[in-house]
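For reference, upload03.pdb (PDB, C-alpha atoms):
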```pdb
ATOM      1  CA  MET A 198      43.871  69.659-163.732
ATOM      2  CA  VAL A 199      47.598  70.421-163.619
ATOM      3  CA  VAL A 200      48.373  74.108-163.220
ATOM      4  CA  ALA A 201      51.806  75.352-164.239
ATOM      5  CA  GLN A 202      53.936  76.783-161.474
ATOM      6  CA  GLU A 203      54.197  80.574-161.498
ATOM      7  CA  ASN A 204      57.509  82.324-160.909
ATOM      8  CA  VAL A 205      56.506  84.350-157.878
ATOM      9  CA  ALA A 206      59.110  86.729-156.514
ATOM     10  CA  VAL A 207      59.648  86.539-152.775
ATOM     11  CA  ASN A 208      61.684  89.311-151.143
ATOM     12  CA  GLY A 209      63.362  87.785-148.101
ATOM     13  CA  SER A 210      60.704  86.528-145.711
ATOM     14  CA  ARG A 211      57.927  88.489-147.425
ATOM     15  CA  ARG A 212      54.886  86.417-148.344
ATOM     16  CA  LEU A 213      52.248  87.113-150.930
ATOM     17  CA  SER A 214      49.081  88.808-149.783
ATOM     18  CA  PRO A 215      45.610  87.356-150.473
ATOM     19  CA  GLN A 216      45.102  90.083-153.088
ATOM     20  CA  GLU A 217      48.334  89.177-154.894
ATOM     21  CA  ILE A 218      47.378  85.488-154.975
ATOM     22  CA  ALA A 219      43.910  86.416-156.236
ATOM     23  CA  ASP A 220      45.528  88.537-158.961
ATOM     24  CA  VAL A 221      47.711  85.601-160.099
ATOM     25  CA  LEU A 222      44.677  83.274-160.293
ATOM     26  CA  ARG A 223      42.619  85.993-161.983
ATOM     27  CA  GLU A 224      45.319  86.326-164.667
ATOM     28  CA  ARG A 225      45.303  82.544-165.241
ATOM     29  CA  ILE A 226      41.570  82.752-165.822
ATOM     30  CA  ARG A 227      41.975  85.724-168.172
ATOM     31  CA  VAL A 228      44.573  84.048-170.408
ATOM     32  CA  GLY A 229      42.740  80.696-170.439
ATOM     33  CA  ASP A 230      45.081  78.601-168.290
ATOM     34  CA  LEU A 231      42.002  78.101-166.103
ATOM     35  CA  ARG A 232      38.782  77.789-168.088
ATOM     36  CA  ALA A 233      35.116  77.769-167.177
ATOM     37  CA  GLY A 234      34.267  74.470-165.456
ATOM     38  CA  ASP A 235      37.842  73.674-164.390
ATOM     39  CA  ARG A 236      38.395  72.838-160.735
ATOM     40  CA  LEU A 237      40.949  74.850-158.821
ATOM     41  CA  PRO A 238      43.711  72.973-156.996
ATOM     42  CA  THR A 239      42.965  72.298-153.339
ATOM     43  CA  GLN A 240      43.685  74.951-150.724
ATOM     44  CA  ALA A 241      46.600  72.843-149.496
ATOM     45  CA  GLU A 242      48.077  72.681-153.017
ATOM     46  CA  LEU A 243      47.671  76.416-153.518
ATOM     47  CA  ALA A 244      49.165  77.140-150.107
ATOM     48  CA  GLU A 245      52.195  75.016-150.982
ATOM     49  CA  GLU A 246      52.558  76.594-154.422
ATOM     50  CA  PHE A 247      52.508  80.166-153.132
ATOM     51  CA  GLY A 248      54.299  79.454-149.842
ATOM     52  CA  VAL A 249      51.515  80.821-147.620
ATOM     53  CA  GLU A 250      49.091  79.618-144.966
ATOM     54  CA  ARG A 251      45.725  78.158-145.961
ATOM     55  CA  GLY A 252      43.972  81.120-144.359
ATOM     56  CA  THR A 253      45.664  83.405-146.897
ATOM     57  CA  VAL A 254      44.471  81.151-149.732
ATOM     58  CA  ARG A 255      40.912  81.193-148.357
ATOM     59  CA  GLN A 256      40.914  84.991-148.366
ATOM     60  CA  ALA A 257      42.137  85.005-151.989
ATOM     61  CA  LEU A 258      39.391  82.585-153.013
ATOM     62  CA  ARG A 259      36.767  84.713-151.267
ATOM     63  CA  ALA A 260      37.920  87.695-153.333
ATOM     64  CA  LEU A 261      37.527  85.680-156.545
ATOM     65  CA  GLN A 262      34.125  84.451-155.405
ATOM     66  CA  GLU A 263      32.979  88.033-154.767
ATOM     67  CA  ASP A 264      34.092  88.897-158.313
ATOM     68  CA  GLY A 265      31.878  86.093-159.651
ATOM     69  CA  LEU A 266      34.837  84.096-160.966
ATOM     70  CA  LEU A 267      34.212  80.947-158.900
ATOM     71  CA  SER A 268      31.238  78.606-158.641
ATOM     72  CA  ASN A 269      30.419  75.500-156.617
ATOM     73  CA  VAL A 270      32.156  77.011-153.616
ATOM     74  CA  SER A 271      31.855  74.637-150.664
ATOM     75  CA  LYS A 272      33.974  73.171-147.911
ATOM     76  CA  GLY A 273      33.801  69.693-149.397
ATOM     77  CA  SER A 274      35.653  70.213-152.668
ATOM     78  CA  PRO A 275      37.680  72.840-154.561
ATOM     79  CA  PRO A 276      35.544  75.427-156.392
ATOM     80  CA  ARG A 277      35.196  75.556-160.155
ATOM     81  CA  ILE A 278      35.854  78.434-162.505
ATOM     82  CA  ALA A 279      32.489  80.080-163.179
ATOM     83  CA  GLU A 280      30.960  80.483-166.612
ATOM     84  CA  PRO A 281      31.433  84.092-167.756
ATOM     85  CA  VAL A 282      28.349  86.249-167.345
ATOM     86  CA  ARG A 283      27.437  87.746-170.680
ATOM     87  CA  SER A 284      25.136  90.739-170.573
ATOM     88  CA  PRO A 285      23.061  91.103-173.763
ATOM     89  CA  GLY A 286      24.859  93.347-176.217
ATOM     90  CA  GLU A 287      27.898  93.859-173.970
ATOM     91  CA  PRO A 288      31.112  93.697-176.038
ATOM     92  CA  GLN A 289      34.045  91.653-174.761
ATOM     93  CA  PRO A 290      37.636  91.146-175.985
ATOM     94  CA  THR A 291      37.651  88.903-179.044
ATOM     95  CA  MET A 292      39.800  86.200-177.447
ATOM     96  CA  VAL A 293      37.297  85.955-174.574
ATOM     97  CA  ALA A 294      34.035  86.300-176.497
ATOM     98  CA  LEU A 295      34.614  84.274-179.665
ATOM     99  CA  ALA A 296      35.055  80.739-178.264
ATOM    100  CA  PRO A 297      31.669  80.513-176.468
ATOM    101  CA  ARG A 298      29.868  81.961-179.500
ATOM    102  CA  LEU A 299      31.536  79.377-181.736
ATOM    103  CA  ALA A 300      30.604  76.607-179.293
ATOM    104  CA  GLU A 301      26.945  77.641-179.591
ATOM    105  CA  ALA A 302      27.220  77.855-183.372
ATOM    106  CA  PHE A 303      28.516  74.258-183.542
ATOM    107  CA  ALA A 304      25.448  72.841-181.777
ATOM    108  CA  PRO A 305      23.171  72.591-184.881
ATOM    109  CA  PRO A 306      23.579  69.656-187.311
ATOM    110  CA  HIS A 307      24.950  71.858-190.091
ATOM    111  CA  VAL A 308      27.533  74.500-189.184
ATOM    112  CA  ARG A 309      28.651  77.393-191.372
ATOM    113  CA  VAL A 310      31.300  79.900-190.302
ATOM    114  CA  ASP A 311      32.442  82.746-192.553
ATOM    115  CA  ALA A 312      35.308  84.991-191.483
ATOM    116  CA  VAL A 313      37.148  88.073-192.720
ATOM    117  CA  CYS A 314      40.367  88.731-190.819
ATOM    118  CA  LEU A 315      44.010  89.773-191.045
ATOM    119  CA  THR A 316      45.236  86.359-189.872
ATOM    120  CA  ALA A 317      43.423  83.281-188.576
ATOM    121  CA  GLU A 318      44.966  83.473-185.093
ATOM    122  CA  THR A 319      41.882  84.301-183.006
ATOM    123  CA  LEU A 320      39.619  82.023-185.035
ATOM    124  CA  MET A 321      42.136  79.174-184.720
ATOM    125  CA  VAL A 322      42.191  79.547-180.928
ATOM    126  CA  GLY A 323      38.423  80.078-180.646
ATOM    127  CA  LEU A 324      37.657  76.905-182.589
ATOM    128  CA  GLY A 325      39.473  74.921-179.926
ATOM    129  CA  GLU A 326      36.382  75.121-177.704
ATOM    130  CA  PRO A 327      33.815  73.524-180.084
ATOM    131  CA  ILE A 328      36.414  70.974-181.203
ATOM    132  CA  ARG A 329      36.952  70.033-177.547
ATOM    133  CA  LEU A 330      33.182  69.658-177.063
ATOM    134  CA  ILE A 331      32.991  67.401-180.128
ATOM    135  CA  HIS A 332      35.782  65.182-178.791
ATOM    136  CA  GLU A 333      33.979  65.003-175.440
ATOM    137  CA  GLY A 334      30.785  63.894-177.211
ATOM    138  CA  ARG A 335      28.780  66.885-175.984
ATOM    139  CA  ILE A 336      27.977  68.153-179.500
ATOM    140  CA  ARG A 337      27.960  66.267-182.805
ATOM    141  CA  PRO A 338      27.411  68.324-185.969
ATOM    142  CA  GLU A 339      26.960  66.426-189.224
ATOM    143  CA  SER A 340      28.755  68.984-191.393
ATOM    144  CA  ILE A 341      31.068  71.965-190.919
ATOM    145  CA  ASP A 342      31.684  74.518-193.675
ATOM    146  CA  VAL A 343      34.266  77.231-192.922
ATOM    147  CA  ARG A 344      35.136  79.979-195.414
ATOM    148  CA  ILE A 345      37.913  82.440-194.594
ATOM    149  CA  LEU A 346      38.961  85.628-196.375
ATOM    150  CA  LEU A 347      42.551  86.720-195.688
ATOM    151  CA  PRO A 348      44.665  89.442-197.339
ATOM    152  CA  SER A 349      46.616  88.406-200.400
ATOM    153  CA  ARG A 350      50.361  88.041-200.041
ATOM    154  CA  GLU A 351      50.759  90.185-203.162
ATOM    155  CA  ILE A 352      49.287  93.422-201.814
ATOM    156  CA  THR A 353      50.914  96.227-199.852
ATOM    157  CA  LEU A 354      49.330  95.930-196.436
ATOM    158  CA  ALA A 355      48.036  98.978-194.587
ATOM    159  CA  PHE A 356      49.143  97.166-191.410
ATOM    160  CA  PRO A 357      51.316  95.699-190.091
ATOM    161  CA  VAL A 358      54.017  97.927-191.603
ATOM    162  CA  ARG A 359      57.419  99.226-190.548
ATOM    163  CA  VAL A 360      57.291 102.725-189.106
ATOM    164  CA  GLU A 361      60.107 103.984-191.319
ATOM    165  CA  GLY A 362      58.868 102.146-194.408
ATOM    166  CA  THR A 363      60.934 100.107-196.849
ATOM    167  CA  GLY A 364      62.609 100.721-200.152
ATOM    168  CA  ALA A 365      61.282  99.273-203.385
ATOM    169  CA  ASP A 366      63.922  96.538-203.474
ATOM    170  CA  ASP A 367      64.082  95.827-199.745
ATOM    171  CA  VAL A 368      62.867  92.588-198.218
ATOM    172  CA  ASP A 369      60.229  93.627-195.691
ATOM    173  CA  PRO A 370      60.640  91.580-192.488
ATOM    174  CA  VAL A 371      57.308  92.834-191.109
ATOM    175  CA  HIS A 372      55.422  91.638-194.174
ATOM    176  CA  GLN A 373      57.257  88.291-194.079
ATOM    177  CA  ARG A 374      56.431  87.928-190.388
ATOM    178  CA  TRP A 375      52.733  88.531-191.112
ATOM    179  CA  LEU A 376      52.778  86.117-194.063
ATOM    180  CA  ASP A 377      54.426  83.362-192.005
ATOM    181  CA  GLN A 378      51.811  83.822-189.280
ATOM    182  CA  ARG A 379      48.928  83.871-191.769
ATOM    183  CA  ASN A 380      50.055  80.650-193.384
ATOM    184  CA  ALA A 381      50.983  78.774-190.183
ATOM    185  CA  GLN A 382      47.739  79.648-188.403
ATOM    186  CA  GLY A 383      45.689  78.754-191.468
ATOM    187  CA  HIS A 384      47.388  75.358-191.696
ATOM    188  CA  VAL A 385      46.735  74.596-188.020
ATOM    189  CA  LEU A 386      43.090  75.694-188.242
ATOM    190  CA  ARG A 387      42.465  73.572-191.332
ATOM    191  CA  HIS A 388      44.242  70.537-189.857
ATOM    192  CA  ASN A 389      42.304  70.728-186.576
ATOM    193  CA  LEU A 390      38.964  70.857-188.365
ATOM    194  CA  ARG A 391      39.767  68.275-191.032
ATOM    195  CA  SER A 392      40.890  65.806-188.377
ATOM    196  CA  LEU A 393      37.220  65.605-187.327
ATOM    197  CA  ARG A 394      36.556  63.706-190.575
ATOM    198  CA  SER A 395      38.576  60.698-189.529
ATOM    199  CA  SER A 396      37.886  60.895-185.786
ATOM    200  CA  HIS A 397      34.118  61.547-185.914
ATOM    201  CA  GLY A 398      32.992  61.109-189.525
ATOM    202  CA  ILE A 399      31.965  64.765-189.839
ATOM    203  CA  ASP A 400      31.786  66.277-193.320
ATOM    204  CA  VAL A 401      34.286  69.164-193.060
ATOM    205  CA  ARG A 402      35.148  71.786-195.651
ATOM    206  CA  VAL A 403      37.663  74.575-195.039
ATOM    207  CA  THR A 404      38.286  77.073-197.855
ATOM    208  CA  PHE A 405      40.457  80.185-198.077
ATOM    209  CA  ARG A 406      40.309  83.063-200.536
ATOM    210  CA  ALA A 407      42.590  86.092-200.864
ATOM    211  CA  LEU A 408      41.421  89.671-200.378
ATOM    212  CA  PRO A 409      42.935  92.440-202.526
ATOM    213  CA  PHE A 410      42.887  94.851-199.548
ATOM    214  CA  THR A 411      43.649  95.026-195.818
ATOM    215  CA  PRO A 412      40.422  94.533-193.823
ATOM    216  CA  PRO A 413      39.907  97.395-191.309
ATOM    217  CA  VAL A 414      37.697  95.134-189.170
ATOM    218  CA  LYS A 415      37.393  91.444-188.392
ATOM    219  CA  LEU A 416      34.033  89.843-189.070
ATOM    220  CA  TYR A 417      32.669  86.420-188.140
ATOM    221  CA  LEU A 418      29.328  85.156-189.487
ATOM    222  CA  LEU A 419      27.837  82.172-187.674
ATOM    223  CA  ASN A 420      25.195  80.044-189.438
ATOM    224  CA  GLY A 421      23.821  83.147-191.129
ATOM    225  CA  THR A 422      22.117  84.145-187.872
ATOM    226  CA  GLU A 423      24.813  86.054-185.979
ATOM    227  CA  ALA A 424      27.470  88.568-186.973
ATOM    228  CA  LEU A 425      30.441  89.321-184.724
ATOM    229  CA  MET A 426      32.556  92.372-185.554
ATOM    230  CA  ALA A 427      35.628  93.990-184.011
ATOM    231  CA  TYR A 428      37.694  96.969-185.114
ATOM    232  CA  TYR A 429      41.409  96.554-185.732
ATOM    233  CA  MET A 430      43.029  99.179-183.482
ATOM    234  CA  VAL A 431      46.377 100.265-184.940
ATOM    235  CA  THR A 432      49.185 100.882-182.490
ATOM    236  CA  ARG A 433      52.923 101.383-182.628
ATOM    237  CA  ARG A 434      54.989  98.630-181.047
ATOM    238  CA  GLU A 435      58.401  97.012-181.189
ATOM    239  CA  GLU A 436      59.184  93.319-181.555
ATOM    240  CA  LEU A 437      62.500  91.506-181.535
ATOM    241  CA  SER A 438      63.288  89.272-184.503
ATOM    242  CA  ASP A 439      66.261  87.397-185.945
ATOM    243  CA  SER A 440      67.087  90.509-187.962
ATOM    244  CA  GLY A 441      66.845  92.860-184.974
ATOM    245  CA  ALA A 442      64.141  95.054-183.479
ATOM    246  CA  LEU A 443      61.093  95.681-185.675
ATOM    247  CA  ASP A 444      59.476  99.067-185.073
ATOM    248  CA  MET A 445      56.036  98.746-186.613
ATOM    249  CA  TYR A 446      52.446  99.852-186.758
ATOM    250  CA  ASP A 447      50.480  96.737-185.896
ATOM    251  CA  VAL A 448      47.164  95.596-184.419
ATOM    252  CA  LEU A 449      46.327  93.416-181.444
ATOM    253  CA  GLY A 450      43.244  91.763-182.852
ATOM    254  CA  SER A 451      42.697  89.365-179.954
ATOM    255  CA  GLU A 452      42.104  92.311-177.608
ATOM    256  CA  SER A 453      39.665  94.188-179.869
ATOM    257  CA  LEU A 454      36.142  94.397-178.468
ATOM    258  CA  LEU A 455      33.799  92.022-180.271
ATOM    259  CA  PHE A 456      30.291  93.318-180.962
ATOM    260  CA  SER A 457      27.507  90.778-181.477
ATOM    261  CA  PHE A 458      24.473  91.209-183.726
ATOM    262  CA  GLU A 459      21.812  88.482-183.750
ATOM    263  CA  GLN A 460      18.840  88.048-186.067
ATOM    264  CA  ARG A 461      16.540  87.355-183.150
ATOM    265  CA  ALA A 462      17.548  90.576-181.347
ATOM    266  CA  GLY A 463      15.341  92.825-183.463
ATOM    267  CA  GLN A 464      15.068  94.489-186.851
ATOM    268  CA  ARG A 465      18.281  96.503-186.553
ATOM    269  CA  ASP A 466      20.449  93.501-185.666
ATOM    270  CA  ALA A 467      18.718  91.314-188.247
ATOM    271  CA  ALA A 468      19.470  93.870-190.967
ATOM    272  CA  PHE A 469      23.131  94.035-189.923
ATOM    273  CA  VAL A 470      23.464  90.252-190.050
ATOM    274  CA  GLU A 471      21.784  90.070-193.443
ATOM    275  CA  GLN A 472      23.860  92.859-194.996
ATOM    276  CA  SER A 473      27.096  91.488-193.521
ATOM    277  CA  GLN A 474      26.374  88.083-195.058
ATOM    278  CA  LYS A 475      25.597  89.677-198.436
ATOM    279  CA  TRP A 476      28.830  91.690-198.229
ATOM    280  CA  PHE A 477      30.871  88.569-197.471
ATOM    281  CA  ASP A 478      29.222  86.545-200.243
ATOM    282  CA  ALA A 479      29.814  89.340-202.753
ATOM    283  CA  LEU A 480      33.524  89.476-201.900
ATOM    284  CA  TRP A 481      33.796  85.690-202.038
ATOM    285  CA  GLU A 482      32.214  85.481-205.476
ATOM    286  CA  THR A 483      33.796  88.533-207.188
ATOM    287  CA  ILE A 484      37.115  90.264-206.425
ATOM    288  CA  THR A 485      38.778  87.628-204.228
ATOM    289  CA  THR A 486      41.030  84.887-205.618
ATOM    290  CA  ASP A 487      42.049  81.367-204.661
ATOM    291  CA  LEU A 488      44.486  81.322-201.753
ATOM    292  CA  THR A 489      47.069  78.589-201.338
ATOM    293  CA  LEU A 490      48.790  78.455-197.969
ATOM    294  CA  SER A 491      52.523  78.033-198.567
TER     295      SER A 491
END
```
Output the file's structure as structure tokens, nothing else.
Amino acid sequence: MVVAQENVAVNGSRRLSPQEIADVLRERIRVGDLRAGDRLPTQAELAEEFGVERGTVRQALRALQEDGLLSNVSKGSPPRIAEPVRSPGEPQPTMVALAPRLAEAFAPPHVRVDAVCLTAETLMVGLGEPIRLIHEGRIRPESIDVRILLPSREITLAFPVRVEGTGADDVDPVHQRWLDQRNAQGHVLRHNLRSLRSSHGIDVRVTFRALPFTPPVKLYLLNGTEALMAYYMVTRREELSDSGALDMYDVLGSESLLFSFEQRAGQRDAAFVEQSQKWFDALWETITTDLTLS
């Protein structure tokens, strides 16, 4: 695996400590540059990259090993990134937790994923894992049915919104930014899934409908047996755009903790899954409308 070079600041003759090197590698694991099962570069390659001795690299790797982030640690070959340990019922950030749950959901012959979200960003990224497994021949579903509920472009969103608001006749750059993201991410998600038709002969359906309100939570329903839910946490932040700085109330959905409820986990979880599926189906069949991605 090729790992991109980091811009590491060196002050004079100062060299990075083992802890600093471990922190850089830990961040690569967190953001997905290094994924479970990937081999690390050799100690010699890491030593050259960071400009340190191999002994410093070995200390950094020991720190990662003690944190449970490395597996297959031996003197004969570089270690691999360990599979994340998932304690039953323990919530994790959505960007971390969703991909492995989707990979499991794509193992059966017939896959159904229903989602309610503000944009399709996290789902688009999370689907990369099962799609990769399909291309590697490790899973082979016969059909994939994905239904996604996204806010309508016609409504006034609760978030994201400009802090100072907009006039009735003003063009809202925050709303346009959200709409562009919603449409672009939806197009990429649909393209990536539909490409499995021609490459693997899988029956794929991807459908969008428009919600008449801003969802306060994101919800993913997997094969009718698992419900994953995360709260949208509203925060104030600033972003630079072509029109200047945008001061807005927005959400960072990828960082929201994702709670898992499984039918097999007991009566309480089973009831939550069942009611969540009924809620989604009711929205799909009643007050939502056809959504065309522009």
Inset, instruction - Mind giving me the straight-line distance from atom CA of A:Leu354 to atom CA of A:Ala479 in Å, one decimal? - result: 21.5 Å
Inset, instruction - Take the PyMOL selection byres ((chain A and resi 433-444) around 12), apply it to the structure above, and return the hits as number ranges by chain. - result: A: 356-363, 368-374, 430-432, 445-449
Legend entry - Hits of the PyMOL selection byres ((chain A and resi 234) around 8) in this structure, as a list in words: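 So the PyMOL selection byres ((chain A and resi 234) around 8), applied here, picks out Arg232, Ala233, Asp235, Arg236, Arg277, Ile278, Ala279 and Glu280 of chain A.
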Give me the box for stretch 232-243 of chain A as JSON, namely the centre and edge lengths in Å to one decimal of a box along x, y and z that holds every listed atom plus 6 Å on each side.
```
{"center_x": 41.2, "center_y": 75.0, "center_z": -158.8, "size_x": 25.8, "size_y": 17.5, "size_z": 30.6}
```
Inset, instruction - Figure out the distance between atom CA of A:Gln464 and atom CA of A:Pro306, please, to one decimal in Å. - result: 26.3 Å
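Using only C-alpha atoms, the residues found no farther than 7 Å from A:Leu346, other than those of its own chain fewer than 4 positions away, are A:Ala312, A:Val313, A:Cys314, A:Phe405, A:Arg406, A:Ala407, A:Leu408.
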Legend entry - Straight-line distance linking atom CA of A:Phe477 with atom CA of A:Phe458, stated in Å to one decimal: 15.4 Å
Stretch 318-320 of chain A: which residues within 8 Å, counting all atoms listed in the file, same-chain residues fewer than 2 positions away excluded, as a PDB file with C-alpha atoms, keeping the file's coordinate frame?
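The resulting part-v9.pdb:
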```pdb
ATOM      1  CA  THR A 291      37.651  88.903-179.044  1.00  0.00           C
ATOM      2  CA  MET A 292      39.800  86.200-177.447  1.00  0.00           C
ATOM      3  CA  LEU A 295      34.614  84.274-179.665  1.00  0.00           C
ATOM      4  CA  THR A 316      45.236  86.359-189.872  1.00  0.00           C
ATOM      5  CA  VAL A 322      42.191  79.547-180.928  1.00  0.00           C
ATOM      6  CA  GLY A 323      38.423  80.078-180.646  1.00  0.00           C
ATOM      7  CA  LEU A 324      37.657  76.905-182.589  1.00  0.00           C
ATOM      8  CA  ARG A 379      48.928  83.871-191.769  1.00  0.00           C
ATOM      9  CA  GLN A 382      47.739  79.648-188.403  1.00  0.00           C
ATOM     10  CA  GLY A 383      45.689  78.754-191.468  1.00  0.00           C
ATOM     11  CA  LEU A 386      43.090  75.694-188.242  1.00  0.00           C
ATOM     12  CA  GLY A 450      43.244  91.763-182.852  1.00  0.00           C
ATOM     13  CA  SER A 451      42.697  89.365-179.954  1.00  0.00           C
TER      14      SER A 451
END
```
Inset, instruction - Check what the PyMOL selection byres ((chain A and resi 300) around 8) selects in the file above and give those residues as a PyMOL selection string. - result: chain A and resi 296-299+301-304+324+326-327+330
Inset, instruction - Please check which residues have atoms at most 12 Å from (48.0, 83.0, -154.8) in the file's coordinates, counting only C-alpha atoms, and write them as a VMD selection string. - result: chain A and resid 202 to 206 212 to 225 237 to 261
Could you write out that same residue set with C-alpha atoms as a CSV table (one decimal), in the frame of the given file?
```csv
chain,number,residue,atom,x,y,z
A,202,GLN,CA,53.9,76.8,-161.5
A,203,GLU,CA,54.2,80.6,-161.5
A,204,ASN,CA,57.5,82.3,-160.9
A,205,VAL,CA,56.5,84.4,-157.9
A,206,ALA,CA,59.1,86.7,-156.5
A,212,ARG,CA,54.9,86.4,-148.3
A,213,LEU,CA,52.2,87.1,-150.9
A,214,SER,CA,49.1,88.8,-149.8
A,215,PRO,CA,45.6,87.4,-150.5
A,216,GLN,CA,45.1,90.1,-153.1
A,217,GLU,CA,48.3,89.2,-154.9
A,218,ILE,CA,47.4,85.5,-155.0
A,219,ALA,CA,43.9,86.4,-156.2
A,220,ASP,CA,45.5,88.5,-159.0
A,221,VAL,CA,47.7,85.6,-160.1
A,222,LEU,CA,44.7,83.3,-160.3
A,223,ARG,CA,42.6,86.0,-162.0
A,224,GLU,CA,45.3,86.3,-164.7
A,225,ARG,CA,45.3,82.5,-165.2
A,237,LEU,CA,40.9,74.8,-158.8
A,238,PRO,CA,43.7,73.0,-157.0
A,239,THR,CA,43.0,72.3,-153.3
A,240,GLN,CA,43.7,75.0,-150.7
A,241,ALA,CA,46.6,72.8,-149.5
A,242,GLU,CA,48.1,72.7,-153.0
A,243,LEU,CA,47.7,76.4,-153.5
A,244,ALA,CA,49.2,77.1,-150.1
A,245,GLU,CA,52.2,75.0,-151.0
A,246,GLU,CA,52.6,76.6,-154.4
A,247,PHE,CA,52.5,80.2,-153.1
A,248,GLY,CA,54.3,79.5,-149.8
A,249,VAL,CA,51.5,80.8,-147.6
A,250,GLU,CA,49.1,79.6,-145.0
A,251,ARG,CA,45.7,78.2,-146.0
A,252,GLY,CA,44.0,81.1,-144.4
A,253,THR,CA,45.7,83.4,-146.9
A,254,VAL,CA,44.5,81.2,-149.7
A,255,ARG,CA,40.9,81.2,-148.4
A,256,GLN,CA,40.9,85.0,-148.4
A,257,ALA,CA,42.1,85.0,-152.0
A,258,LEU,CA,39.4,82.6,-153.0
A,259,ARG,CA,36.8,84.7,-151.3
A,260,ALA,CA,37.9,87.7,-153.3
A,261,LEU,CA,37.5,85.7,-156.5
```
